[in-house]
Structures are given as structure tokens and as C-alpha cells.
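Content type CSV, N, CA and C atoms, from the file structure.csv:
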chain,number,residue,atom,x,y,z
A,1,MET,N,-14.5,-10.7,-8.8
A,1,MET,CA,-14.4,-10.4,-7.3
A,1,MET,C,-14.7,-8.9,-7.1
A,2,ARG,N,-15.7,-8.6,-6.3
A,2,ARG,CA,-16.0,-7.3,-5.9
A,2,ARG,C,-15.0,-6.7,-4.9
A,3,GLU,N,-14.5,-5.5,-5.1
A,3,GLU,CA,-13.5,-5.0,-4.2
A,3,GLU,C,-14.0,-3.7,-3.4
A,4,THR,N,-13.6,-3.6,-2.2
A,4,THR,CA,-13.9,-2.5,-1.3
A,4,THR,C,-12.6,-2.1,-0.6
A,5,ALA,N,-12.4,-0.7,-0.6
A,5,ALA,CA,-11.2,-0.2,0.0
A,5,ALA,C,-11.4,0.0,1.5
A,6,HIS,N,-10.3,-0.1,2.3
A,6,HIS,CA,-10.4,0.1,3.7
A,6,HIS,C,-9.0,0.5,4.2
A,7,ARG,N,-8.9,1.4,5.2
A,7,ARG,CA,-7.6,1.7,5.8
A,7,ARG,C,-7.6,1.2,7.2
A,8,VAL,N,-6.5,0.5,7.6
A,8,VAL,CA,-6.4,-0.1,8.9
A,8,VAL,C,-6.4,1.0,9.9
A,9,ARG,N,-7.3,1.0,10.9
A,9,ARG,CA,-7.5,2.0,11.9
A,9,ARG,C,-6.7,1.6,13.1
A,10,TYR,N,-6.4,2.7,13.9
A,10,TYR,CA,-5.6,2.5,15.1
A,10,TYR,C,-6.2,1.4,16.0
A,11,PHE,N,-7.5,1.5,16.3
A,11,PHE,CA,-8.1,0.5,17.2
A,11,PHE,C,-8.1,-0.9,16.7
A,12,GLU,N,-7.8,-1.1,15.4
A,12,GLU,CA,-7.7,-2.5,14.9
A,12,GLU,C,-6.3,-3.1,15.0
A,13,THR,N,-5.4,-2.4,15.7
A,13,THR,CA,-4.1,-2.9,15.9
A,13,THR,C,-3.8,-3.2,17.4
A,14,ASP,N,-2.7,-4.0,17.6
A,14,ASP,CA,-2.3,-4.3,19.0
A,14,ASP,C,-1.2,-3.4,19.4
A,15,GLN,N,-0.5,-3.7,20.5
A,15,GLN,CA,0.5,-2.8,21.0
A,15,GLN,C,1.7,-2.6,20.1
A,16,LEU,N,1.9,-3.6,19.2
A,16,LEU,CA,3.0,-3.6,18.3
A,16,LEU,C,2.6,-2.9,17.0
A,17,GLY,N,1.3,-2.4,16.9
A,17,GLY,CA,0.9,-1.7,15.7
A,17,GLY,C,0.5,-2.6,14.6
A,18,VAL,N,0.3,-3.9,14.9
A,18,VAL,CA,-0.1,-4.9,13.9
A,18,VAL,C,-1.6,-5.2,14.0
A,19,ALA,N,-2.3,-5.3,12.9
A,19,ALA,CA,-3.7,-5.5,12.9
A,19,ALA,C,-4.0,-6.9,13.6
A,20,ASN,N,-4.9,-6.8,14.5
A,20,ASN,CA,-5.4,-8.0,15.3
A,20,ASN,C,-6.2,-8.9,14.4
A,21,CYS,N,-5.9,-10.2,14.5
A,21,CYS,CA,-6.5,-11.2,13.6
A,21,CYS,C,-8.1,-11.2,13.6
A,22,ILE,N,-8.7,-10.8,14.6
A,22,ILE,CA,-10.2,-10.8,14.6
A,22,ILE,C,-10.8,-9.8,13.6
A,23,HIS,N,-10.0,-8.7,13.3
A,23,HIS,CA,-10.5,-7.7,12.4
A,23,HIS,C,-10.6,-8.2,11.0
A,24,PHE,N,-9.8,-9.2,10.6
A,24,PHE,CA,-9.9,-9.8,9.3
A,24,PHE,C,-11.3,-10.3,9.0
A,25,PHE,N,-12.0,-10.9,10.0
A,25,PHE,CA,-13.3,-11.4,9.9
A,25,PHE,C,-14.3,-10.2,9.7
A,26,ARG,N,-14.1,-9.1,10.4
A,26,ARG,CA,-14.9,-8.0,10.2
A,26,ARG,C,-14.8,-7.4,8.8
A,27,TRP,N,-13.5,-7.4,8.3
A,27,TRP,CA,-13.3,-6.9,7.0
A,27,TRP,C,-13.9,-7.8,5.9
A,28,PHE,N,-13.9,-9.1,6.2
A,28,PHE,CA,-14.6,-10.1,5.3
A,28,PHE,C,-16.1,-9.7,5.2
A,29,GLU,N,-16.7,-9.5,6.4
A,29,GLU,CA,-18.1,-9.1,6.5
A,29,GLU,C,-18.4,-7.8,5.7
A,30,ILE,N,-17.5,-6.8,5.8
A,30,ILE,CA,-17.7,-5.6,5.0
A,30,ILE,C,-17.6,-5.9,3.5
A,31,GLY,N,-16.6,-6.7,3.1
A,31,GLY,CA,-16.5,-7.0,1.7
A,31,GLY,C,-17.7,-7.8,1.2
A,32,GLY,N,-18.2,-8.7,2.0
A,32,GLY,CA,-19.4,-9.5,1.5
A,32,GLY,C,-20.6,-8.6,1.5
A,33,ALA,N,-20.8,-7.8,2.5
A,33,ALA,CA,-22.0,-6.9,2.5
A,33,ALA,C,-22.0,-5.9,1.3
A,34,GLU,N,-20.8,-5.4,1.0
A,34,GLU,CA,-20.7,-4.5,-0.2
A,34,GLU,C,-20.9,-5.2,-1.5
A,35,MET,N,-20.5,-6.5,-1.6
A,35,MET,CA,-20.7,-7.3,-2.8
A,35,MET,C,-22.2,-7.5,-3.0
A,36,LEU,N,-22.9,-7.9,-1.9
A,36,LEU,CA,-24.4,-8.1,-1.9
A,36,LEU,C,-25.1,-6.8,-2.3
A,37,ARG,N,-24.7,-5.7,-1.8
A,37,ARG,CA,-25.3,-4.4,-2.1
A,37,ARG,C,-25.1,-4.2,-3.6
A,38,ALA,N,-23.9,-4.4,-4.2
A,38,ALA,CA,-23.7,-4.2,-5.6
A,38,ALA,C,-24.5,-5.2,-6.5
A,39,LEU,N,-24.9,-6.3,-5.9
A,39,LEU,CA,-25.7,-7.3,-6.7
A,39,LEU,C,-27.2,-6.9,-6.6
A,40,GLY,N,-27.5,-5.9,-5.8
A,40,GLY,CA,-28.9,-5.5,-5.7
A,40,GLY,C,-29.7,-6.2,-4.6
A,41,ILE,N,-28.9,-6.9,-3.7
A,41,ILE,CA,-29.6,-7.7,-2.7
A,41,ILE,C,-28.9,-7.3,-1.3
A,42,PRO,N,-29.0,-6.1,-0.9
A,42,PRO,CA,-28.3,-5.7,0.4
A,42,PRO,C,-29.0,-6.5,1.5
A,43,VAL,N,-28.2,-6.7,2.5
A,43,VAL,CA,-28.7,-7.5,3.7
A,43,VAL,C,-30.0,-7.0,4.2
A,44,LYS,N,-30.1,-5.7,4.4
A,44,LYS,CA,-31.3,-5.0,4.9
A,44,LYS,C,-32.5,-5.4,4.1
A,45,LEU,N,-32.4,-5.4,2.8
A,45,LEU,CA,-33.5,-5.7,1.9
A,45,LEU,C,-33.9,-7.2,2.1
A,46,MET,N,-32.9,-8.1,2.1
A,46,MET,CA,-33.2,-9.5,2.3
A,46,MET,C,-33.9,-9.7,3.7
A,47,GLU,N,-33.4,-9.1,4.7
A,47,GLU,CA,-34.1,-9.3,6.0
A,47,GLU,C,-35.5,-8.7,6.1
A,48,SER,N,-35.7,-7.6,5.3
A,48,SER,CA,-37.1,-7.0,5.3
A,48,SER,C,-38.1,-7.9,4.6
A,49,LYS,N,-37.5,-8.9,3.8
A,49,LYS,CA,-38.4,-9.8,3.1
A,49,LYS,C,-38.4,-11.2,3.8
A,50,GLY,N,-37.8,-11.3,5.0
A,50,GLY,CA,-37.9,-12.5,5.8
A,50,GLY,C,-36.7,-13.5,5.5
A,51,CYS,N,-35.7,-13.1,4.8
A,51,CYS,CA,-34.5,-14.0,4.5
A,51,CYS,C,-33.3,-13.5,5.4
A,52,TYR,N,-33.0,-14.4,6.3
A,52,TYR,CA,-31.8,-14.1,7.2
A,52,TYR,C,-30.7,-15.1,7.0
A,53,PHE,N,-29.5,-14.6,6.7
A,53,PHE,CA,-28.4,-15.6,6.5
A,53,PHE,C,-27.6,-15.6,7.8
A,54,VAL,N,-27.3,-16.8,8.3
A,54,VAL,CA,-26.4,-17.0,9.4
A,54,VAL,C,-25.2,-17.7,9.0
A,55,ILE,N,-24.1,-17.5,9.7
A,55,ILE,CA,-22.8,-18.1,9.3
A,55,ILE,C,-22.7,-19.5,9.9
A,56,ARG,N,-22.5,-20.5,9.1
A,56,ARG,CA,-22.4,-21.9,9.5
A,56,ARG,C,-20.9,-22.2,9.8
A,57,GLN,N,-20.1,-21.7,8.9
A,57,GLN,CA,-18.6,-22.1,9.0
A,57,GLN,C,-17.8,-20.9,8.4
A,58,THR,N,-16.7,-20.7,8.9
A,58,THR,CA,-15.8,-19.6,8.4
A,58,THR,C,-14.3,-19.9,8.7
A,59,GLY,N,-13.4,-19.3,8.0
A,59,GLY,CA,-12.0,-19.5,8.2
A,59,GLY,C,-11.2,-18.4,7.5
A,60,CYS,N,-9.9,-18.3,8.0
A,60,CYS,CA,-9.0,-17.3,7.5
A,60,CYS,C,-7.6,-17.9,7.5
A,61,THR,N,-6.9,-17.6,6.4
A,61,THR,CA,-5.5,-17.9,6.3
A,61,THR,C,-4.7,-16.6,6.2
A,62,TYR,N,-3.8,-16.4,7.2
A,62,TYR,CA,-3.1,-15.2,7.3
A,62,TYR,C,-1.7,-15.4,6.6
A,63,GLU,N,-1.4,-14.5,5.6
A,63,GLU,CA,-0.2,-14.7,4.9
A,63,GLU,C,0.9,-13.6,5.3
A,64,LYS,N,0.4,-12.4,5.5
A,64,LYS,CA,1.3,-11.3,5.9
A,64,LYS,C,0.6,-10.4,7.0
A,65,SER,N,1.3,-9.7,7.7
A,65,SER,CA,0.7,-8.8,8.7
A,65,SER,C,0.4,-7.4,8.1
A,66,LEU,N,-0.5,-6.7,8.7
A,66,LEU,CA,-0.9,-5.4,8.3
A,66,LEU,C,-0.6,-4.5,9.5
A,67,LYS,N,-0.3,-3.2,9.2
A,67,LYS,CA,0.0,-2.2,10.2
A,67,LYS,C,-1.0,-1.1,10.2
A,68,TYR,N,-1.0,-0.3,11.2
A,68,TYR,CA,-1.8,0.9,11.3
A,68,TYR,C,-1.6,1.7,10.1
A,69,ASP,N,-2.7,2.2,9.5
A,69,ASP,CA,-2.8,3.1,8.4
A,69,ASP,C,-2.5,2.4,7.0
A,70,ASP,N,-2.3,1.1,7.0
A,70,ASP,CA,-2.1,0.4,5.7
A,70,ASP,C,-3.5,0.6,4.9
A,71,LEU,N,-3.4,0.8,3.7
A,71,LEU,CA,-4.6,0.8,2.8
A,71,LEU,C,-4.7,-0.5,2.2
A,72,ILE,N,-5.9,-1.1,2.4
A,72,ILE,CA,-6.2,-2.5,1.9
A,72,ILE,C,-7.4,-2.5,0.9
A,73,THR,N,-7.4,-3.6,0.2
A,73,THR,CA,-8.6,-3.9,-0.7
A,73,THR,C,-9.2,-5.2,-0.2
A,74,ILE,N,-10.5,-5.2,0.1
A,74,ILE,CA,-11.2,-6.4,0.5
A,74,ILE,C,-11.9,-6.9,-0.7
A,75,GLY,N,-11.6,-8.1,-1.2
A,75,GLY,CA,-12.3,-8.7,-2.3
A,75,GLY,C,-13.3,-9.8,-1.8
A,76,ALA,N,-14.4,-9.9,-2.4
A,76,ALA,CA,-15.4,-10.9,-2.0
A,76,ALA,C,-16.1,-11.4,-3.3
A,77,LYS,N,-16.3,-12.8,-3.3
A,77,LYS,CA,-17.0,-13.4,-4.5
A,77,LYS,C,-17.8,-14.5,-4.0
A,78,VAL,N,-18.8,-14.9,-4.8
A,78,VAL,CA,-19.7,-16.0,-4.6
A,78,VAL,C,-18.9,-17.2,-5.2
A,79,ALA,N,-18.6,-18.2,-4.3
A,79,ALA,CA,-17.9,-19.4,-4.8
A,79,ALA,C,-18.8,-20.6,-5.1
A,80,LYS,N,-19.8,-20.8,-4.3
A,80,LYS,CA,-20.7,-21.9,-4.5
A,80,LYS,C,-22.1,-21.6,-3.9
A,81,ILE,N,-23.1,-22.0,-4.6
A,81,ILE,CA,-24.5,-21.8,-4.2
A,81,ILE,C,-25.1,-23.2,-4.0
A,82,GLY,N,-25.6,-23.5,-2.8
A,82,GLY,CA,-26.4,-24.7,-2.5
A,82,GLY,C,-27.8,-24.4,-2.4
A,83,LYS,N,-28.6,-25.4,-2.0
A,83,LYS,CA,-30.0,-25.3,-1.8
A,83,LYS,C,-30.4,-24.2,-0.8
A,84,SER,N,-29.7,-24.2,0.3
A,84,SER,CA,-30.0,-23.2,1.4
A,84,SER,C,-28.8,-22.5,1.8
A,85,SER,N,-27.7,-22.7,1.2
A,85,SER,CA,-26.4,-22.1,1.6
A,85,SER,C,-25.7,-21.5,0.4
A,86,VAL,N,-24.8,-20.5,0.8
A,86,VAL,CA,-23.9,-19.9,-0.2
A,86,VAL,C,-22.5,-19.8,0.5
A,87,ARG,N,-21.5,-20.1,-0.3
A,87,ARG,CA,-20.1,-20.0,0.2
A,87,ARG,C,-19.5,-18.7,-0.5
A,88,LEU,N,-19.1,-17.8,0.4
A,88,LEU,CA,-18.4,-16.6,-0.1
A,88,LEU,C,-16.9,-16.8,0.2
A,89,GLU,N,-16.1,-16.3,-0.7
A,89,GLU,CA,-14.6,-16.3,-0.5
A,89,GLU,C,-14.1,-14.9,-0.6
A,90,TYR,N,-13.1,-14.7,0.2
A,90,TYR,CA,-12.5,-13.4,0.4
A,90,TYR,C,-11.0,-13.3,0.2
A,91,GLU,N,-10.6,-12.2,-0.1
A,91,GLU,CA,-9.1,-11.9,-0.3
A,91,GLU,C,-8.8,-10.5,0.1
A,92,ILE,N,-7.9,-10.4,1.0
A,92,ILE,CA,-7.4,-9.0,1.4
A,92,ILE,C,-6.0,-8.8,0.9
A,93,ARG,N,-5.9,-7.7,0.2
A,93,ARG,CA,-4.6,-7.3,-0.4
A,93,ARG,C,-4.2,-5.9,0.0
A,94,ARG,N,-2.9,-5.7,0.0
A,94,ARG,CA,-2.4,-4.3,0.2
A,94,ARG,C,-2.8,-3.6,-1.1
A,95,LYS,N,-3.3,-2.4,-0.9
A,95,LYS,CA,-3.7,-1.5,-2.0
A,95,LYS,C,-2.4,-1.3,-2.9
A,96,GLU,N,-1.3,-0.9,-2.2
A,96,GLU,CA,-0.1,-0.6,-3.0
A,96,GLU,C,0.6,-1.9,-3.3
A,97,GLY,N,0.8,-2.3,-4.5
A,97,GLY,CA,1.5,-3.5,-4.9
A,97,GLY,C,0.6,-4.7,-5.0
A,98,GLY,N,-0.6,-4.7,-4.4
A,98,GLY,CA,-1.5,-5.8,-4.6
A,98,GLY,C,-1.1,-7.1,-3.9
A,99,GLU,N,-0.2,-7.1,-2.9
A,99,GLU,CA,0.2,-8.3,-2.2
A,99,GLU,C,-1.0,-8.9,-1.4
A,100,VAL,N,-1.2,-10.2,-1.5
A,100,VAL,CA,-2.2,-10.9,-0.7
A,100,VAL,C,-1.7,-11.0,0.7
A,101,VAL,N,-2.5,-10.5,1.6
A,101,VAL,CA,-2.2,-10.7,3.0
A,101,VAL,C,-3.0,-11.7,3.8
A,102,ALA,N,-4.2,-12.0,3.2
A,102,ALA,CA,-5.1,-13.0,3.9
A,102,ALA,C,-6.2,-13.5,2.9
A,103,THR,N,-6.6,-14.7,3.0
A,103,THR,CA,-7.7,-15.2,2.3
A,103,THR,C,-8.6,-15.9,3.3
A,104,GLY,N,-9.9,-16.0,2.9
A,104,GLY,CA,-10.9,-16.5,3.8
A,104,GLY,C,-12.1,-17.0,3.1
A,105,HIS,N,-13.0,-17.5,3.9
A,105,HIS,CA,-14.3,-17.9,3.4
A,105,HIS,C,-15.4,-18.0,4.5
A,106,ALA,N,-16.6,-18.0,4.1
A,106,ALA,CA,-17.7,-18.2,5.0
A,106,ALA,C,-18.9,-18.9,4.3
A,107,VAL,N,-19.5,-19.8,5.0
A,107,VAL,CA,-20.7,-20.5,4.5
A,107,VAL,C,-21.9,-19.9,5.2
A,108,HIS,N,-22.8,-19.3,4.4
A,108,HIS,CA,-23.9,-18.6,5.0
A,108,HIS,C,-25.2,-19.5,4.7
A,109,VAL,N,-26.0,-19.7,5.7
A,109,VAL,CA,-27.2,-20.5,5.5
A,109,VAL,C,-28.4,-19.6,5.6
A,110,ALA,N,-29.4,-19.7,4.7
A,110,ALA,CA,-30.6,-19.0,4.7
A,110,ALA,C,-31.5,-19.5,5.8
A,111,THR,N,-32.1,-18.6,6.6
A,111,THR,CA,-33.0,-19.0,7.6
A,111,THR,C,-34.3,-18.1,7.5
A,112,ASP,N,-35.3,-18.6,8.3
A,112,ASP,CA,-36.6,-17.8,8.3
A,112,ASP,C,-36.6,-16.8,9.4
A,113,GLY,N,-35.5,-16.5,10.0
A,113,GLY,CA,-35.5,-15.5,11.1
A,113,GLY,C,-35.7,-16.1,12.5
A,114,LYS,N,-36.1,-17.4,12.5
A,114,LYS,CA,-36.3,-18.1,13.8
A,114,LYS,C,-35.2,-19.2,13.9
A,115,GLY,N,-34.2,-19.2,13.0
A,115,GLY,CA,-33.2,-20.2,13.0
A,115,GLY,C,-33.4,-21.4,12.2
A,116,LYS,N,-34.5,-21.5,11.5
A,116,LYS,CA,-34.8,-22.7,10.7
A,116,LYS,C,-34.3,-22.5,9.3
A,117,SER,N,-33.5,-23.5,8.9
A,117,SER,CA,-32.9,-23.4,7.5
A,117,SER,C,-34.0,-23.5,6.5
A,118,VAL,N,-33.9,-22.6,5.5
A,118,VAL,CA,-34.9,-22.6,4.4
A,118,VAL,C,-34.2,-22.5,3.0
A,119,PRO,N,-34.8,-22.9,1.9
A,119,PRO,CA,-34.1,-22.7,0.6
A,119,PRO,C,-33.9,-21.2,0.4
A,120,ILE,N,-32.8,-20.9,-0.3
A,120,ILE,CA,-32.5,-19.5,-0.7
A,120,ILE,C,-33.7,-19.0,-1.6
A,121,PRO,N,-34.3,-17.9,-1.3
A,121,PRO,CA,-35.4,-17.4,-2.2
A,121,PRO,C,-34.9,-17.2,-3.6
A,122,GLU,N,-35.8,-17.5,-4.5
A,122,GLU,CA,-35.4,-17.4,-6.0
A,122,GLU,C,-34.8,-16.1,-6.4
A,123,TRP,N,-35.4,-15.0,-5.9
A,123,TRP,CA,-34.9,-13.7,-6.3
A,123,TRP,C,-33.4,-13.4,-5.8
A,124,VAL,N,-33.1,-14.0,-4.6
A,124,VAL,CA,-31.7,-13.9,-4.1
A,124,VAL,C,-30.8,-14.8,-4.9
A,125,ARG,N,-31.3,-16.0,-5.1
A,125,ARG,CA,-30.5,-17.0,-5.9
A,125,ARG,C,-30.1,-16.5,-7.3
A,126,LYS,N,-31.0,-15.8,-8.0
A,126,LYS,CA,-30.7,-15.3,-9.3
A,126,LYS,C,-29.6,-14.2,-9.2
A,127,ALA,N,-29.7,-13.4,-8.2
A,127,ALA,CA,-28.6,-12.4,-8.1
A,127,ALA,C,-27.3,-13.0,-7.7
A,128,LEU,N,-27.3,-14.0,-6.9
A,128,LEU,CA,-26.0,-14.7,-6.5
A,128,LEU,C,-25.5,-15.4,-7.7
A,129,GLU,N,-26.3,-16.0,-8.5
A,129,GLU,CA,-25.8,-16.8,-9.7
A,129,GLU,C,-25.1,-15.9,-10.7
A,130,LYS,N,-25.6,-14.6,-10.8
A,130,LYS,CA,-24.9,-13.7,-11.7
A,130,LYS,C,-23.5,-13.4,-11.2
A,131,ALA,N,-23.3,-13.4,-9.9
A,131,ALA,CA,-21.9,-13.1,-9.4
A,131,ALA,C,-21.1,-14.4,-9.4
A,132,GLU,N,-21.7,-15.6,-9.4
A,132,GLU,CA,-20.9,-16.8,-9.4
A,132,GLU,C,-20.2,-17.1,-10.8
A,133,LYS,N,-20.8,-16.5,-11.9
A,133,LYS,CA,-20.2,-16.8,-13.2
A,133,LYS,C,-19.0,-16.0,-13.5

Would you mind writing the structure in this file as C-alpha cells?
Amino acid sequence: MRETAHRVRYFETDQLGVANCIHFFRWFEIGGAEMLRALGIPVKLMESKGCYFVIRQTGCTYEKSLKYDDLITIGAKVAKIGKSSVRLEYEIRRKEGGEVVATGHAVHVATDGKGKSVPIPEWVRKALEKAEK
């Protein structure tokens, strides 16, 4: 699992100082993008070659709350690769102590940029397969 550090910012919290649930999905996206970058297939590169991934399905299970200024670790991994889709799984932990605060997933479908599903390009698939093992 590829990990990225993040600190909960003030604007990511509500009046009680608790991180708003919508930001977990943003953090998942950050973790996934950094994982792809580490695999040598950053989103910008894939898009420049005509491969656009769209989210088909996503979800989050919240275990614990986070507060302003908490330092977290966002973990992302490749869980399953299909013909035209890839499932990424995420885990958010408190940096101190490693307590899991949320888990999630997203199924991304490769498209041609016009919304038509296409097979994952071979060069992208090979990079994803390295991470799946």
C-alpha cells in the first residue's frame, strides 16, 4: 500500500472541529493519484495519451472521527484489475498510533475521453499489475 501524509486543515472541518465526511473522498483521490505517480503512470500522462479514468462506483466506511490539525496517512492500493476497470482500495490512519479511521474504495473505468469505455492500455495495465502483487 502506497502511503501519503496529510494534515487535516481548518476548512476541512465543521463547526465542531470534526473533519467533514466529503473530504475523505478527496483524500482517497490524493492517495490514489500519488500511488499512480509512484507507479510511473501519473494521471496527467495517461490523459495526454488519451486514457481517461472515470469513477463508476465508490464508497467509504467511517470508523473514527478526525479533528483539525490531525496528521493522517492516506494509503492506496490496486485491489483488482479488469478489462476496462481497476478497483483501488484506500485506508486512512492517524499518523500517531496508526489507528484506522476510514476505509474506502473506488472502481475506475478507462474511457477514450468521450465517455466510451475502452480496455485499459497495455502500458497502464503493466504498471497496475506491478502494484497488485

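Excluding A:Tyr90 and any residue on its chain fewer than 2 positions from it, the residues at most 7 Å away by all atoms listed in the file are Phe28, Ile74, Gly75, Ala76, Lys77, Leu88, Ile92, Ala102, Thr103, Gly104, His105 and Ala106 of chain A.
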
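Distances here use only N, CA and C atoms; by that measure, the residue among A:Cys60, A:Leu45, A:Ile120, A:Leu66 closest to A:Gly82 is A:Ile120.
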
Please return as JSON, numbers by chain: the residues of chain A that backbone DSSP assigns to helix (DSSP H, G or I).
{"A": [10, 11, 12, 22, 23, 24, 25, 26, 27, 28, 29, 30, 31, 32, 33, 34, 35, 36, 37, 38, 43, 44, 45, 46, 47, 48, 122, 123, 124, 125, 126, 127, 128, 129, 130, 131, 132]}

DSSP on the backbone: which residues in stretch 24-91 of chain A end up as strand (DSSP E)? Give the answer as a PyMOL selection string.
chain A and resi 52-62+71-81+85-91

Within 8 Å of stretch 12-17 of chain A: each stretch 58-109 of chain A residue with its shortest pair, all atoms listed in the file, as JSON lines:
{"residue": "A:Leu66", "atom": "C", "partner": "A:Gly17", "partner_atom": "C", "distance": 5.6}
{"residue": "A:Lys67", "atom": "CA", "partner": "A:Gly17", "partner_atom": "C", "distance": 4.4}
{"residue": "A:Tyr68", "atom": "N", "partner": "A:Gly17", "partner_atom": "C", "distance": 4.4}
{"residue": "A:Asp69", "atom": "N", "partner": "A:Gly17", "partner_atom": "C", "distance": 7.7}

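We find atom CA of A:His6 and atom C of A:Gly50 to be spaced 29.7 Å apart.
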
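Taking atom C of A:Val109 and atom C of A:Phe53 as the two end points, the separation is 4.6 Å.
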
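The gap separating atom CA of A:Lys80 from atom N of A:Glu132 is 8.0 Å, in Å to one decimal.
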
With only C-alpha atoms counted, which protein, DNA or RNA residues have an atom no more than 10 Å from (-23.8, -12.8, -10.4) in the file frame? Please answer as a PDB file with N, CA and C atoms, keeping the file's coordinate frame.
ATOM      1  N   MET A  35     -20.500  -6.500  -1.600  1.00  0.00           N
ATOM      2  CA  MET A  35     -20.700  -7.300  -2.800  1.00  0.00           C
ATOM      3  C   MET A  35     -22.200  -7.500  -3.000  1.00  0.00           C
ATOM      4  N   LEU A  36     -22.900  -7.900  -1.900  1.00  0.00           N
ATOM      5  CA  LEU A  36     -24.400  -8.100  -1.900  1.00  0.00           C
ATOM      6  C   LEU A  36     -25.100  -6.800  -2.300  1.00  0.00           C
ATOM      7  N   ALA A  38     -23.900  -4.400  -4.200  1.00  0.00           N
ATOM      8  CA  ALA A  38     -23.700  -4.200  -5.600  1.00  0.00           C
ATOM      9  C   ALA A  38     -24.500  -5.200  -6.500  1.00  0.00           C
ATOM     10  N   LEU A  39     -24.900  -6.300  -5.900  1.00  0.00           N
ATOM     11  CA  LEU A  39     -25.700  -7.300  -6.700  1.00  0.00           C
ATOM     12  C   LEU A  39     -27.200  -6.900  -6.600  1.00  0.00           C
ATOM     13  N   LYS A  77     -16.300 -12.800  -3.300  1.00  0.00           N
ATOM     14  CA  LYS A  77     -17.000 -13.400  -4.500  1.00  0.00           C
ATOM     15  C   LYS A  77     -17.800 -14.500  -4.000  1.00  0.00           C
ATOM     16  N   VAL A  78     -18.800 -14.900  -4.800  1.00  0.00           N
ATOM     17  CA  VAL A  78     -19.700 -16.000  -4.600  1.00  0.00           C
ATOM     18  C   VAL A  78     -18.900 -17.200  -5.200  1.00  0.00           C
ATOM     19  N   ARG A 125     -31.300 -16.000  -5.100  1.00  0.00           N
ATOM     20  CA  ARG A 125     -30.500 -17.000  -5.900  1.00  0.00           C
ATOM     21  C   ARG A 125     -30.100 -16.500  -7.300  1.00  0.00           C
ATOM     22  N   LYS A 126     -31.000 -15.800  -8.000  1.00  0.00           N
ATOM     23  CA  LYS A 126     -30.700 -15.300  -9.300  1.00  0.00           C
ATOM     24  C   LYS A 126     -29.600 -14.200  -9.200  1.00  0.00           C
ATOM     25  N   ALA A 127     -29.700 -13.400  -8.200  1.00  0.00           N
ATOM     26  CA  ALA A 127     -28.600 -12.400  -8.100  1.00  0.00           C
ATOM     27  C   ALA A 127     -27.300 -13.000  -7.700  1.00  0.00           C
ATOM     28  N   LEU A 128     -27.300 -14.000  -6.900  1.00  0.00           N
ATOM     29  CA  LEU A 128     -26.000 -14.700  -6.500  1.00  0.00           C
ATOM     30  C   LEU A 128     -25.500 -15.400  -7.700  1.00  0.00           C
ATOM     31  N   GLU A 129     -26.300 -16.000  -8.500  1.00  0.00           N
ATOM     32  CA  GLU A 129     -25.800 -16.800  -9.700  1.00  0.00           C
ATOM     33  C   GLU A 129     -25.100 -15.900 -10.700  1.00  0.00           C
ATOM     34  N   LYS A 130     -25.600 -14.600 -10.800  1.00  0.00           N
ATOM     35  CA  LYS A 130     -24.900 -13.700 -11.700  1.00  0.00           C
ATOM     36  C   LYS A 130     -23.500 -13.400 -11.200  1.00  0.00           C
ATOM     37  N   ALA A 131     -23.300 -13.400  -9.900  1.00  0.00           N
ATOM     38  CA  ALA A 131     -21.900 -13.100  -9.400  1.00  0.00           C
ATOM     39  C   ALA A 131     -21.100 -14.400  -9.400  1.00  0.00           C
ATOM     40  N   GLU A 132     -21.700 -15.600  -9.400  1.00  0.00           N
ATOM     41  CA  GLU A 132     -20.900 -16.800  -9.400  1.00  0.00           C
ATOM     42  C   GLU A 132     -20.200 -17.100 -10.800  1.00  0.00           C
ATOM     43  N   LYS A 133     -20.800 -16.500 -11.900  1.00  0.00           N
ATOM     44  CA  LYS A 133     -20.200 -16.800 -13.200  1.00  0.00           C
ATOM     45  C   LYS A 133     -19.000 -16.000 -13.500  1.00  0.00           C
TER      46      LYS A 133
END

So that I can see what lies close to A:Val101, please list as a PyMOL selection string the residues with an atom at most 6 Å from it, counting only C-alpha atoms and leaving out residues fewer than 3 positions away in the same chain.
chain A and resi 63-64+92-93

Taking all atoms of stretch 44-59 of chain A that the file lists, what box with edges along x, y and z, padded by 6 Å per side, do you get, with centre and edge lengths in Å to one decimal, as AutoDock Vina command-line options?
--center_x -24.8 --center_y -13.6 --center_z 5.9 --size_x 39.2 --size_y 29.2 --size_z 20.0
